[in-house]
Amino acid sequence: MSNNNSILVAGLIVALLIGLAAPFLASGDPDGLESAAEKIINSDVLDANLDEAGLEEEGTVAPSPMPDYAIPGMDKIGEIGALIIGILLITLLSFGVGSIFKKSTSEN
Amino acid sequence: MHIPDGFIPLWESGIFWVISLIFLSMSLRWASKEMNEKTVPLFTALAAGIFAIQAMNMPIPWGTSGHMVGAALTAIVFDSPWAAVLMLALVLIVQGLFFADGGLIVMGANIFNMGVVGGFVGYYVFKSLKKTNFHAAVFTAGWSATFIAALACAAELAIAGTFPIDLGIQFMGLYHAVIGIIEGLITAVVVGYLASARPDLVKSVKKVVSNE
């Protein structure tokens with residue numbers, strides 16, 4: 001049991017270390033899809049799709065509290081904070097989903 | 001490789017939501033069979049690690065960057081492509097809802113590309129190559145998962161009319177052939193480490209060992 005939880009603790013430590021380092025190490029260059037889009041996107045089609053979705057520019061229709069992994073107005077500390085919050089959120093979500101299905105099987 | 005809202009029209013986004021929800025429901029069937037005392041901590045640890053490393057874009061040539069996806073890694077560790085579908089869906093939900101990374105309308109397409117295509121390509125490439133050389137098979141699985149998922153993405157954008165098909169395949173293929181090397185290397189390092197440190201947890205390793 002403790003043996004299995006140790007892998008969870010180790011994984012969280014690695015994730016948090018990456019979260020601390022990423023704001024300083026991550027490349028600010030656009031990713032593969034964005035780079036391709038900059039060169040080849042059909043802006044007429046993009047505009048029509050944006051109109052249809054009710055957006056000004058491409059992004060998301062969801063109101064995101066921490067767009068681009070940053071807390072607005074908080075600089076690097078905000079980027080580290082956003083990643084740590086994200087790591088905690090995905091930890092809770094994946095542990096929660098895993099636990100729900102674990103429980104339902106042990107009851108069967 | 002996260003498609004933002006606006007890149008594909010609503011009808012196409014809807015089709016990919018339907019496809020992804022079907023795959024997602026199958027992945028929940030996998031979860032109900034496989035989640036236990038051992039797998040929940042491992043699944044959670046991988047989810048945290050994949051979320052973190054996805055946020056760290058690494059530079060590639062042409063002023064472009066790329067990040068890990070983690071579907072091949074998940075599929076290999078859990079010996080099932082369904083694990084990857086569930087893993088990437090959860091990661092994409094957090095990214096899309098909180099960080100504006102990937103749109104909400106197009107989330108079905110993103111789950112399809114990274115989770116379904118990445119997971120199934122990664123898993124079956126690994127499975128077909130693992131008897132030749134374990135580490136090379138893991139690397140190739142990671143590389144192919146990224147490369148083929150990018151081609152799927154290019155095809156979806158071509159159907160949408162957003163990208164021309166020839167240039168879409170050319171640019172998405174070229175960039176992700178390089179990004180796939182990052183994916184392959186990290187996948188090989190993590191699977192190699194887990195396989196030696198905790199062989200009891202890595203199902204596909206147990207199979208390779210027991211076959212020998």
# chains A, B, ... in the order shown; residues from 1 in each chain; ligands from 1

$ select_by_dssp --residues "stretch 52-123 of chain B" --states "helix (DSSP H, G or I)" --output "ChimeraX atom specification"
/B:52-54,71-78,81-98,107-123

$ closest_atom_pairs --of "chain B" --to "chain A" --cutoff "6 Å" --atoms "only C-alpha atoms" --output "tab-separated table"
residue	atom	partner	partner_atom	distance
B:Met1	CA	A:Leu33	CA	5.3
B:Pro4	CA	A:Gly59	CA	4.8
B:Asp5	CA	A:Thr60	CA	5.0
B:Gly6	CA	A:Leu50	CA	4.7
B:Phe7	CA	A:Leu46	CA	6.0
B:Pro9	CA	A:Asn49	CA	5.3
B:Ser32	CA	A:Phe101	CA	4.8
B:Met35	CA	A:Lys102	CA	4.9
B:Asn36	CA	A:Lys102	CA	5.2
B:Lys38	CA	A:Asn4	CA	5.7
B:Val40	CA	A:Gly98	CA	5.3
B:Pro41	CA	A:Leu8	CA	4.9
B:Thr44	CA	A:Ser94	CA	5.3
B:Ala45	CA	A:Gly11	CA	4.4
B:Ala48	CA	A:Ile87	CA	5.4
B:Gly49	CA	A:Ala15	CA	4.5
B:Ala52	CA	A:Ala15	CA	5.4
B:Met56	CA	A:Ala26	CA	4.8
B:Asn57	CA	A:Ala26	CA	4.9
B:Met58	CA	A:Ser27	CA	5.4
B:Pro59	CA	A:Ser27	CA	5.5
B:Gly63	CA	A:Asp29	CA	5.9
B:Thr64	CA	A:Asp29	CA	5.2
B:Ser65	CA	A:Asp31	CA	4.5
B:Gly66	CA	A:Asp31	CA	5.1
B:Phe98	CA	A:Ser64	CA	4.9
B:Phe99	CA	A:Pro67	CA	4.4
B:Ala100	CA	A:Pro67	CA	4.9
B:Gly103	CA	A:Thr60	CA	4.1
B:Leu104	CA	A:Thr60	CA	5.8
B:Thr162	CA	A:Asn42	CA	5.0
B:Phe163	CA	A:Ile41	CA	5.2
B:Phe171	CA	A:Ala36	CA	5.7
B:Tyr175	CA	A:Gly32	CA	5.5

$ closest_residue --among "B:Ala141, B:Lys131, B:Arg29, B:Gly168" --to "A:Glu38" --atoms "only C-alpha atoms"
B:Gly168

$ select_by_dssp --residues "stretch 55-92 of chain B" --states "strand (DSSP E or B)" --output "PyMOL selection string"
chain B and resi 58-60+64-66
